[in-house]
Amino acid sequence: MDTTKQRVATRSPVALARKALEVTRQAVPAYSSKYSKRDFTQHQLLAILALEQFFKTDDRGIVALLDDLSDLRDTLGLSKVPHHTTLFHARQRLAKKGALAACSARSSRLLTTRA
């Protein structure tokens with residue numbers, strides 16, 4: 001029995017956004033509190049943070065890209081683009097709550113296939 005595992009890779013930011021939304025919907029609740037402002041879900045923010053890694057950019061860079069790329073905004077279900085400080089605070093909050101680790105573990109299981 002071959003136990004070699006192979007990761008599935010994508011070069012499409014839209015495909016990555018879809019997969020990130022799927023993973024985060026299974027790993028974290030939509031909002032961190034019942035009193036959340038509800039402009040953006042945690043799913044959307046985590047997907048944006050994943051895209052930030054994909055594009056190898058910072059918070060301001062991903063905001064600029066989301067302004068330009070309507071396909072990504074549509075895929076993420078964004079009616080407006082978050083401010084760069086929203087992403088900074090979301091990263092801090094999600095890391096503190098362990099949501100980043102939960103999504104990482106879930107995505108490793110979903111993205112790993114047997115060869």
# chains A, B, ... in the order shown; residues from 1 in each chain; ligands from 1
>>> residues_around(residues="range 88-90 of chain A", least_positions_apart="3", cutoff="8 Å", atoms="only C-alpha atoms", output="VMD selection string")
chain A and resid 42 45 59 84 to 85 93 to 94
>>> write_last_selection(atoms="all heavy atoms", output="tab-separated table (two decimals), in the first residue's frame")
chain	number	residue	atom	x	y	z
A	42	GLN	N	-16.19	36.00	8.77
A	42	GLN	CA	-14.85	35.46	9.03
A	42	GLN	C	-14.40	34.61	7.85
A	42	GLN	O	-13.21	34.55	7.54
A	42	GLN	CB	-14.84	34.62	10.31
A	42	GLN	CG	-15.02	35.46	11.55
A	42	GLN	CD	-14.76	34.66	12.81
A	42	GLN	OE1	-13.75	34.87	13.46
A	42	GLN	NE2	-15.66	33.74	13.14
A	45	LEU	N	-12.96	37.01	5.28
A	45	LEU	CA	-11.69	37.57	5.74
A	45	LEU	C	-10.57	36.53	5.67
A	45	LEU	O	-9.45	36.83	5.24
A	45	LEU	CB	-11.83	38.13	7.15
A	45	LEU	CG	-12.75	39.35	7.27
A	45	LEU	CD1	-13.01	39.68	8.73
A	45	LEU	CD2	-12.18	40.54	6.52
A	59	ASP	N	-1.37	43.66	3.31
A	59	ASP	CA	-2.77	44.03	3.44
A	59	ASP	C	-3.18	45.10	2.42
A	59	ASP	O	-4.24	45.00	1.79
A	59	ASP	CB	-3.06	44.54	4.86
A	59	ASP	CG	-2.89	43.46	5.91
A	59	ASP	OD1	-2.91	42.27	5.55
A	59	ASP	OD2	-2.76	43.80	7.10
A	84	HIS	N	-7.59	48.05	4.82
A	84	HIS	CA	-6.43	47.22	5.17
A	84	HIS	C	-6.33	46.98	6.68
A	84	HIS	O	-5.87	45.93	7.10
A	84	HIS	CB	-5.13	47.82	4.62
A	84	HIS	CG	-4.75	49.13	5.23
A	84	HIS	ND1	-3.94	49.22	6.32
A	84	HIS	CD2	-5.07	50.39	4.88
A	84	HIS	CE1	-3.76	50.49	6.63
A	84	HIS	NE2	-4.44	51.22	5.76
A	85	THR	N	-6.81	47.89	7.50
A	85	THR	CA	-6.76	47.66	8.94
A	85	THR	C	-7.75	46.60	9.38
A	85	THR	O	-7.53	45.92	10.38
A	85	THR	CB	-7.02	48.97	9.73
A	85	THR	OG1	-8.28	49.49	9.34
A	85	THR	CG2	-5.93	49.99	9.49
A	93	ARG	N	-7.15	38.72	15.57
A	93	ARG	CA	-8.26	38.09	16.28
A	93	ARG	C	-8.34	36.60	15.98
A	93	ARG	O	-8.50	35.77	16.88
A	93	ARG	CB	-9.59	38.78	15.91
A	93	ARG	CG	-10.80	38.23	16.63
A	93	ARG	CD	-12.09	38.90	16.18
A	93	ARG	NE	-12.40	38.61	14.79
A	93	ARG	CZ	-12.34	39.49	13.79
A	93	ARG	NH1	-11.98	40.72	14.01
A	93	ARG	NH2	-12.66	39.14	12.56
A	94	LEU	N	-8.21	36.24	14.72
A	94	LEU	CA	-8.33	34.84	14.32
A	94	LEU	C	-7.15	34.01	14.82
A	94	LEU	O	-7.32	32.85	15.19
A	94	LEU	CB	-8.47	34.74	12.80
A	94	LEU	CG	-9.77	35.32	12.26
A	94	LEU	CD1	-9.69	35.50	10.74
A	94	LEU	CD2	-10.96	34.47	12.64
>>> closest_residue(among="A:Arg18, A:His83, A:Lys37, A:Lys97", to="Ala50 in chain A", atoms="only C-alpha atoms")
A:Arg18
>>> residues_around(residues="Arg91 in chain A", least_positions_apart="5", cutoff="9 Å", atoms="only C-alpha atoms", output="ChimeraX atom specification")
/A:45-46,49,86,96,100
>>> residues_around(residues="Leu72 in chain A", least_positions_apart="4", cutoff="12 Å", atoms="only C-alpha atoms", output="ChimeraX atom specification")
/A:12-18,21,44,47-48,51,62-68,76-81
>>> atom_distance(atom1="CA of Asp71 in chain A", atom2="CA of Ser33 in chain A")
28.9 Å
>>> atom_distance(atom1="CA of Gly61 in chain A", atom2="CA of Pro82 in chain A")
11.9 Å
>>> closest_residue(among="A:His43, A:Arg38, A:Gln53, A:Thr10", to="Gln26 in chain A", atoms="only C-alpha atoms")
A:His43
>>> select_by_dssp(residues="range 6-115 of chain A", states="strand (DSSP E)", output="PDB file with C-alpha atoms, in the first residue's frame")
ATOM      1  CA  GLN A   6       0.408  14.648  -2.903  1.00  0.00           C
ATOM      2  CA  ARG A   7      -0.925  18.189  -2.547  1.00  0.00           C
ATOM      3  CA  THR A 112      -4.109  16.127   0.460  1.00  0.00           C
ATOM      4  CA  THR A 113      -4.897  13.172  -1.739  1.00  0.00           C
ATOM      5  CA  ARG A 114      -3.396   9.745  -2.013  1.00  0.00           C
TER       6      ARG A 114
END
